[in-house]
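Pasting query-v9.pdb here (PDB, C-alpha atoms):
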MODEL        1
ATOM      1  CA  MET A   1       7.308 -13.655  41.148
ATOM      2  CA  LYS A   2       3.826 -14.821  40.113
ATOM      3  CA  ARG A   3       3.097 -11.337  38.829
ATOM      4  CA  ILE A   4       6.169 -11.428  36.549
ATOM      5  CA  LEU A   5       5.149 -14.872  35.271
ATOM      6  CA  VAL A   6       1.594 -13.689  34.565
ATOM      7  CA  ILE A   7       2.865 -10.571  32.776
ATOM      8  CA  SER A   8       5.304 -12.675  30.729
ATOM      9  CA  ILE A   9       2.596 -15.137  29.678
ATOM     10  CA  PHE A  10       0.162 -12.307  28.892
ATOM     11  CA  THR A  11       2.799 -10.502  26.810
ATOM     12  CA  ALA A  12       3.677 -13.686  24.919
ATOM     13  CA  LEU A  13       0.015 -14.369  24.147
ATOM     14  CA  CYS A  14      -0.575 -10.811  22.997
ATOM     15  CA  LEU A  15       2.485 -10.750  20.740
ATOM     16  CA  GLN A  16       1.880 -14.133  19.146
ATOM     17  CA  PRO A  17      -0.902 -12.899  16.812
ATOM     18  CA  LEU A  18       1.362 -10.058  15.671
ATOM     19  CA  VAL A  19       3.969 -12.561  14.527
ATOM     20  CA  ALA A  20       1.340 -14.699  12.807
ATOM     21  CA  ASP A  21      -0.152 -11.651  11.066
ATOM     22  CA  ASP A  22       3.333 -10.590  10.093
ATOM     23  CA  LEU A  23       3.970 -13.937   8.406
ATOM     24  CA  SER A  24       0.557 -13.933   6.744
ATOM     25  CA  ASP A  25       1.455 -10.515   5.288
ATOM     26  CA  VAL A  26       4.610 -12.066   3.792
ATOM     27  CA  ASP A  27       2.499 -14.800   2.234
ATOM     28  CA  LYS A  28      -0.067 -12.329   0.893
ATOM     29  CA  VAL A  29       2.488  -9.893  -0.551
ATOM     30  CA  THR A  30       4.380 -12.698  -2.268
ATOM     31  CA  ARG A  31       1.297 -14.538  -3.541
ATOM     32  CA  ASP A  32      -0.230 -11.306  -4.845
ATOM     33  CA  THR A  33       3.013 -10.265  -6.556
ATOM     34  CA  VAL A  34       3.709 -13.663  -8.132
ATOM     35  CA  GLY A  35       0.068 -13.995  -9.171
ATOM     36  CA  ALA A  36       0.072 -10.568 -10.832
ATOM     37  CA  VAL A  37       3.395 -11.309 -12.555
ATOM     38  CA  LEU A  38       2.145 -14.620 -13.959
ATOM     39  CA  GLU A  39      -1.128 -13.060 -15.074
ATOM     40  CA  SER A  40       0.716 -10.283 -16.916
ATOM     41  CA  LEU A  41       3.005 -12.837 -18.588
ATOM     42  CA  ARG A  42       0.028 -14.919 -19.757
ATOM     43  CA  ASP A  43      -1.469 -11.929 -21.559
ATOM     44  CA  GLN A  44      -0.159 -12.503 -25.064
ATOM     45  CA  SER A  45      -2.339  -9.721 -26.514
ATOM     46  CA  SER A  46       0.323  -7.201 -25.503
ATOM     47  CA  ASP A  47       3.741  -6.866 -27.076
ATOM     48  CA  TYR A  48       6.942  -7.692 -25.188
ATOM     49  CA  GLU A  49       7.668  -4.099 -24.147
ATOM     50  CA  THR A  50       4.177  -3.597 -22.728
ATOM     51  CA  ARG A  51       4.321  -6.865 -20.778
ATOM     52  CA  PHE A  52       7.793  -5.986 -19.473
ATOM     53  CA  ASP A  53       6.619  -2.518 -18.372
ATOM     54  CA  GLN A  54       3.657  -4.081 -16.541
ATOM     55  CA  PHE A  55       6.033  -6.594 -14.980
ATOM     56  CA  LYS A  56       8.288  -3.797 -13.675
ATOM     57  CA  GLN A  57       5.322  -1.930 -12.199
ATOM     58  CA  ILE A  58       4.377  -5.086 -10.294
ATOM     59  CA  ILE A  59       7.779  -6.060  -8.894
ATOM     60  CA  ASP A  60       9.499  -2.699  -8.333
ATOM     61  CA  PRO A  61       7.595  -1.860  -5.111
ATOM     62  CA  VAL A  62       8.359  -5.321  -3.674
ATOM     63  CA  PHE A  63      11.946  -6.066  -4.756
ATOM     64  CA  ASP A  64      14.889  -4.357  -3.053
ATOM     65  CA  PHE A  65      17.214  -4.134  -6.055
ATOM     66  CA  ASP A  66      19.780  -2.018  -4.203
ATOM     67  CA  ARG A  67      20.224  -4.616  -1.475
ATOM     68  CA  MET A  68      20.369  -7.408  -4.024
ATOM     69  CA  GLY A  69      22.996  -5.534  -6.022
ATOM     70  CA  LYS A  70      25.165  -4.903  -2.983
ATOM     71  CA  GLN A  71      24.894  -8.537  -1.915
ATOM     72  CA  ALA A  72      25.819  -9.685  -5.403
ATOM     73  CA  LEU A  73      29.096  -7.801  -5.051
ATOM     74  CA  GLY A  74      29.840  -8.418  -1.391
ATOM     75  CA  LYS A  75      31.262  -5.832   1.010
ATOM     76  CA  THR A  76      34.852  -6.063  -0.197
ATOM     77  CA  ARG A  77      34.090  -5.571  -3.879
ATOM     78  CA  TRP A  78      31.423  -2.920  -3.113
ATOM     79  CA  SER A  79      34.021  -0.815  -1.300
ATOM     80  CA  ARG A  80      36.186  -0.727  -4.452
ATOM     81  CA  PHE A  81      33.504   1.250  -6.317
ATOM     82  CA  LYS A  82      33.520   5.052  -6.399
ATOM     83  CA  ALA A  83      30.260   6.850  -5.529
ATOM     84  CA  ASP A  84      29.269   7.451  -9.181
ATOM     85  CA  GLN A  85      30.127   3.844 -10.054
ATOM     86  CA  LYS A  86      27.949   2.603  -7.190
ATOM     87  CA  ARG A  87      24.982   4.627  -8.442
ATOM     88  CA  GLU A  88      25.392   3.393 -12.002
ATOM     89  CA  TYR A  89      26.000  -0.184 -10.894
ATOM     90  CA  LEU A  90      22.788  -0.238  -8.822
ATOM     91  CA  LEU A  91      20.742   1.117 -11.734
ATOM     92  CA  LEU A  92      22.255  -1.376 -14.161
ATOM     93  CA  PHE A  93      21.930  -4.243 -11.709
ATOM     94  CA  GLY A  94      18.244  -3.445 -11.186
ATOM     95  CA  ASP A  95      17.683  -3.493 -14.945
ATOM     96  CA  LEU A  96      19.639  -6.718 -15.333
ATOM     97  CA  LEU A  97      17.813  -8.413 -12.472
ATOM     98  CA  ARG A  98      14.429  -7.375 -13.850
ATOM     99  CA  GLN A  99      15.350  -8.968 -17.195
ATOM    100  CA  THR A 100      16.594 -12.152 -15.524
ATOM    101  CA  TYR A 101      13.549 -12.505 -13.291
ATOM    102  CA  PHE A 102      11.227 -11.768 -16.234
ATOM    103  CA  GLU A 103      12.865 -14.567 -18.247
ATOM    104  CA  LYS A 104      12.741 -17.005 -15.308
ATOM    105  CA  MET A 105       9.100 -16.250 -14.544
ATOM    106  CA  SER A 106       8.184 -16.608 -18.227
ATOM    107  CA  LEU A 107       9.048 -20.287 -17.832
ATOM    108  CA  PHE A 108       6.278 -20.554 -15.230
ATOM    109  CA  SER A 109       3.611 -18.466 -16.940
ATOM    110  CA  ASN A 110       1.387 -21.451 -17.739
ATOM    111  CA  VAL A 111       1.523 -23.226 -14.379
ATOM    112  CA  ALA A 112      -0.264 -22.978 -11.062
ATOM    113  CA  VAL A 113       1.766 -21.689  -8.126
ATOM    114  CA  GLU A 114       1.204 -22.813  -4.553
ATOM    115  CA  SER A 115       2.744 -21.080  -1.564
ATOM    116  CA  LEU A 116       3.848 -23.005   1.486
ATOM    117  CA  ALA A 117       4.040 -21.610   5.010
ATOM    118  CA  PRO A 118       6.575 -18.828   5.537
ATOM    119  CA  ILE A 119       9.056 -19.367   8.362
ATOM    120  CA  ARG A 120      10.858 -16.608  10.245
ATOM    121  CA  VAL A 121      14.624 -17.064  10.349
ATOM    122  CA  LYS A 122      16.039 -14.245  12.471
ATOM    123  CA  SER A 123      15.105 -11.038  10.635
ATOM    124  CA  HIS A 124      14.358 -12.749   7.321
ATOM    125  CA  VAL A 125      11.418 -14.779   6.105
ATOM    126  CA  PRO A 126      11.876 -17.382   3.378
ATOM    127  CA  LEU A 127       8.643 -18.268   1.600
ATOM    128  CA  PRO A 128       8.734 -21.496  -0.415
ATOM    129  CA  MET A 129       6.479 -21.785  -3.442
ATOM    130  CA  ILE A 130       5.856 -24.638  -5.835
ATOM    131  CA  ALA A 131       5.101 -24.185  -9.538
ATOM    132  CA  VAL A 132       2.857 -27.097 -10.516
ATOM    133  CA  SER A 133       2.370 -28.207 -14.108
ATOM    134  CA  LYS A 134       0.793 -31.389 -15.466
ATOM    135  CA  SER A 135       4.121 -33.197 -15.525
ATOM    136  CA  GLU A 136       6.289 -31.696 -12.758
ATOM    137  CA  ARG A 137       6.710 -29.533  -9.673
ATOM    138  CA  GLN A 138       9.395 -26.841  -9.554
ATOM    139  CA  GLY A 139      10.505 -25.131  -6.386
ATOM    140  CA  MET A 140      10.901 -21.394  -5.881
ATOM    141  CA  LEU A 141      11.994 -19.660  -2.715
ATOM    142  CA  TYR A 142      11.352 -15.985  -2.053
ATOM    143  CA  LYS A 143      13.508 -14.431   0.667
ATOM    144  CA  LEU A 144      11.998 -11.353   2.287
ATOM    145  CA  TYR A 145      12.763  -8.917   5.084
ATOM    146  CA  SER A 146      10.897  -6.013   6.613
ATOM    147  CA  LYS A 147      12.032  -2.558   5.507
ATOM    148  CA  ASN A 148      10.220   0.497   6.860
ATOM    149  CA  GLY A 149       7.162  -1.618   7.660
ATOM    150  CA  GLN A 150       6.971  -3.226   4.204
ATOM    151  CA  TRP A 151       8.064  -6.669   3.092
ATOM    152  CA  LYS A 152      10.818  -6.588   0.475
ATOM    153  CA  VAL A 153      12.287  -9.426  -1.575
ATOM    154  CA  TRP A 154      16.088  -9.597  -1.277
ATOM    155  CA  ASP A 155      16.638 -12.855  -3.209
ATOM    156  CA  VAL A 156      14.763 -15.427  -5.242
ATOM    157  CA  GLU A 157      15.744 -19.025  -5.804
ATOM    158  CA  VAL A 158      14.345 -20.737  -8.871
ATOM    159  CA  GLN A 159      14.916 -24.476  -9.083
ATOM    160  CA  GLU A 160      17.280 -24.176  -6.076
ATOM    161  CA  VAL A 161      19.475 -21.575  -7.797
ATOM    162  CA  SER A 162      19.780 -18.213  -6.060
ATOM    163  CA  ILE A 163      19.686 -15.297  -8.472
ATOM    164  CA  VAL A 164      21.849 -13.149  -6.155
ATOM    165  CA  LYS A 165      24.406 -15.922  -5.564
ATOM    166  CA  SER A 166      24.631 -16.568  -9.306
ATOM    167  CA  TYR A 167      25.526 -12.945  -9.956
ATOM    168  CA  LYS A 168      27.896 -12.943  -6.982
ATOM    169  CA  ALA A 169      29.845 -15.888  -8.411
ATOM    170  CA  GLN A 170      30.013 -14.230 -11.844
ATOM    171  CA  TYR A 171      31.124 -10.863 -10.445
ATOM    172  CA  ARG A 172      33.697 -12.412  -8.108
ATOM    173  CA  GLN A 173      35.313 -14.216 -11.038
ATOM    174  CA  PHE A 174      35.082 -11.209 -13.353
ATOM    175  CA  LEU A 175      36.536  -8.708 -10.867
ATOM    176  CA  THR A 176      39.544 -10.875 -10.000
ATOM    177  CA  SER A 177      41.099  -9.992 -13.339
ATOM    178  CA  ARG A 178      39.095  -7.005 -14.593
ATOM    179  CA  SER A 179      38.264  -3.511 -13.377
ATOM    180  CA  VAL A 180      35.064  -2.034 -11.995
ATOM    181  CA  GLU A 181      34.725   0.012 -15.187
ATOM    182  CA  ASP A 182      35.001  -3.209 -17.241
ATOM    183  CA  LEU A 183      32.125  -4.681 -15.223
ATOM    184  CA  LEU A 184      29.984  -1.586 -15.766
ATOM    185  CA  LYS A 185      30.749  -1.688 -19.495
ATOM    186  CA  LYS A 186      29.676  -5.343 -19.632
ATOM    187  CA  MET A 187      26.495  -4.593 -17.685
ATOM    188  CA  ARG A 188      25.655  -1.664 -19.985
ATOM    189  CA  ALA A 189      25.962  -3.971 -22.976
ATOM    190  CA  SER A 190      23.793  -6.614 -21.290
ATOM    191  CA  VAL A 191      20.918  -4.212 -20.658
ATOM    192  CA  GLY A 192      21.325  -2.345 -23.930
ATOM    193  CA  LYS A 193      22.612   0.987 -22.566
TER     194      LYS A 193
ENDMDL
END

Encoding of this model in structure tokens:
Amino acid sequence: MKRILVISIFTALCLQPLVADDLSDVDKVTRDTVGAVLESLRDQSSDYETRFDQFKQIIDPVFDFDRMGKQALGKTRWSRFKADQKREYLLLFGDLLRQTYFEKMSLFSNVAVESLAPIRVKSHVPLPMIAVSKSERQGMLYKLYSKNGQWKVWDVEVQEVSIVKSYKAQYRQFLTSRSVEDLLKKMRASVGK
């Protein structure tokens, strides 16, 4: 019995640093990504297209656009899409989300951003951040999960508004009276395709 207790305590002590390192990785990935995004947005020497291309290069390895797109639809609506519609939807959604996030982050380009401690909630890790300007503090929340050993963002809340939930509400309303093809047509127009 004592042996089991000793092994349990030893195991718990050995695994604890792994969890802490895991959470510090979340903090580092998010801070580095947000920092690089804000730095690229502050560079006004480049034109819009160049800044947007830099922005995409920074966020694409970290954001899981496919997961975000599926969550924005929900399982029921996702199952209504044909295979080719799913592929196109995910591409369009990624483009649309990049534009939305670019616009949201442009609002914070001239502020300092502080990260708070990440907290593990089941298999996800929300990481709160605060954008601090001279006159106010705005909250942001990055929601991450581990995918193939890398931390991926699956949602972002800016000023307590979830980007994924916003799209989900729009798509739910749209698809109650319109078709999947109508949604794709609208998305194509939104991203200029």

Take the point (1.9, -7.2, 4.8) in the file's coordinates, draw a sphere of radius 10 Å around it, and report as number ranges by chain every protein, DNA or RNA residue with an atom inside or on it, counting all atoms listed in the file.
A: 21-30, 146, 149-152

Let me make sure I understand: among A:Phe52, A:Tyr89, A:Tyr167, A:Trp154, which one has the smallest atom-to-atom distance to Met105 of chain A if we use all atoms listed in the file?
A:Phe52

Expressed in Å to a single decimal, how great is the separation between atom CA of Asp64 of chain A and atom CA of Val125 of chain A?
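Calculated distance between atom CA of Asp64 of chain A and atom CA of Val125 of chain A is 14.3 Å.
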
Could you state the separation of atom CA of Tyr101 of chain A and atom CA of Lys147 of chain A in Å, given to one decimal place?
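Separation of atom CA of Tyr101 of chain A and atom CA of Lys147 of chain A: 21.3 Å.
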
If you count only C-alpha atoms, which residues fall within 12 Å of segment 69-84 of chain A, apart from same-chain ones fewer than 4 positions away, as an NGL selection string?
:A and (63-65 or 88-98 or 154-155 or 162-176 or 178-184)

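Each of A:Gly192, A:Leu116, A:Phe102, A:Asn110 was checked against Asp43 of chain A using all atoms listed in the file; the smallest atom-to-atom distance is that of A:Asn110.
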
Using all atoms listed in the file, find the one residue out of A:Ser133, A:Arg120, A:Val37, A:Ser46 that sits nearest to Asp60 of chain A.
A:Val37

Could you work out how far atom CA of Asp53 of chain A lies from atom CA of Lys185 of chain A, giving the answer in Å with one decimal?
24.2 Å

At a cut-off of 10 Å from (-0.5, -28.2, -18.4) in the coordinates of the file, what residues are picked up using all atoms listed in the file, written as number ranges by chain?
A: 110-112, 132-136

Kindly export the residues of the current selection with C-alpha atoms, as an mmCIF file, keeping the file's coordinate frame.
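Result written to out.cif:
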data_model
loop_
_atom_site.group_PDB
_atom_site.id
_atom_site.type_symbol
_atom_site.label_atom_id
_atom_site.label_comp_id
_atom_site.auth_asym_id
_atom_site.auth_seq_id
_atom_site.Cartn_x
_atom_site.Cartn_y
_atom_site.Cartn_z
ATOM 1 C CA ASN A 110 1.387 -21.451 -17.739
ATOM 2 C CA VAL A 111 1.523 -23.226 -14.379
ATOM 3 C CA ALA A 112 -0.264 -22.978 -11.062
ATOM 4 C CA VAL A 132 2.857 -27.097 -10.516
ATOM 5 C CA SER A 133 2.370 -28.207 -14.108
ATOM 6 C CA LYS A 134 0.793 -31.389 -15.466
ATOM 7 C CA SER A 135 4.121 -33.197 -15.525
ATOM 8 C CA GLU A 136 6.289 -31.696 -12.758
#

Select, from A:Ser115, A:Gln54, A:Ser106, A:Gln85, the residue with the minimum atom-to-atom distance to Arg42 of chain A, counting only C-alpha atoms.
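Using only C-alpha atoms, Arg42 of chain A sits closest to A:Ser106.
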
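Between Glu39 of chain A and the residues A:Ser190, A:Ser109, A:Asn148, A:Gln138, the shortest atom-to-atom distance, using only C-alpha atoms, involves A:Ser109.
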
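With all atoms listed in the file as the basis for measurement, A:Leu107 is the residue among A:Leu107, A:Val153, A:Val62, A:Met68 that approaches Leu38 of chain A most closely.
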
Residues picked by the PyMOL selection byres ((chain A and resi 130) around 12) here, as JSON, numbers by chain?
{"A": [31, 34, 108, 111, 112, 113, 114, 115, 116, 117, 127, 128, 129, 131, 132, 133, 136, 137, 138, 139, 140, 141, 142, 157, 158, 159, 160]}

Those residues you just picked out, can you put them in a file as a compact mmCIF listing (two decimals), in the frame of the given file with C-alpha atoms?
# COMPACT_ATOMS: atom_id res chain seq x y z
CA ARG A 31 1.30 -14.54 -3.54
CA VAL A 34 3.71 -13.66 -8.13
CA PHE A 108 6.28 -20.55 -15.23
CA VAL A 111 1.52 -23.23 -14.38
CA ALA A 112 -0.26 -22.98 -11.06
CA VAL A 113 1.77 -21.69 -8.13
CA GLU A 114 1.20 -22.81 -4.55
CA SER A 115 2.74 -21.08 -1.56
CA LEU A 116 3.85 -23.00 1.49
CA ALA A 117 4.04 -21.61 5.01
CA LEU A 127 8.64 -18.27 1.60
CA PRO A 128 8.73 -21.50 -0.42
CA MET A 129 6.48 -21.78 -3.44
CA ALA A 131 5.10 -24.18 -9.54
CA VAL A 132 2.86 -27.10 -10.52
CA SER A 133 2.37 -28.21 -14.11
CA GLU A 136 6.29 -31.70 -12.76
CA ARG A 137 6.71 -29.53 -9.67
CA GLN A 138 9.40 -26.84 -9.55
CA GLY A 139 10.50 -25.13 -6.39
CA MET A 140 10.90 -21.39 -5.88
CA LEU A 141 11.99 -19.66 -2.72
CA TYR A 142 11.35 -15.98 -2.05
CA GLU A 157 15.74 -19.02 -5.80
CA VAL A 158 14.34 -20.74 -8.87
CA GLN A 159 14.92 -24.48 -9.08
CA GLU A 160 17.28 -24.18 -6.08
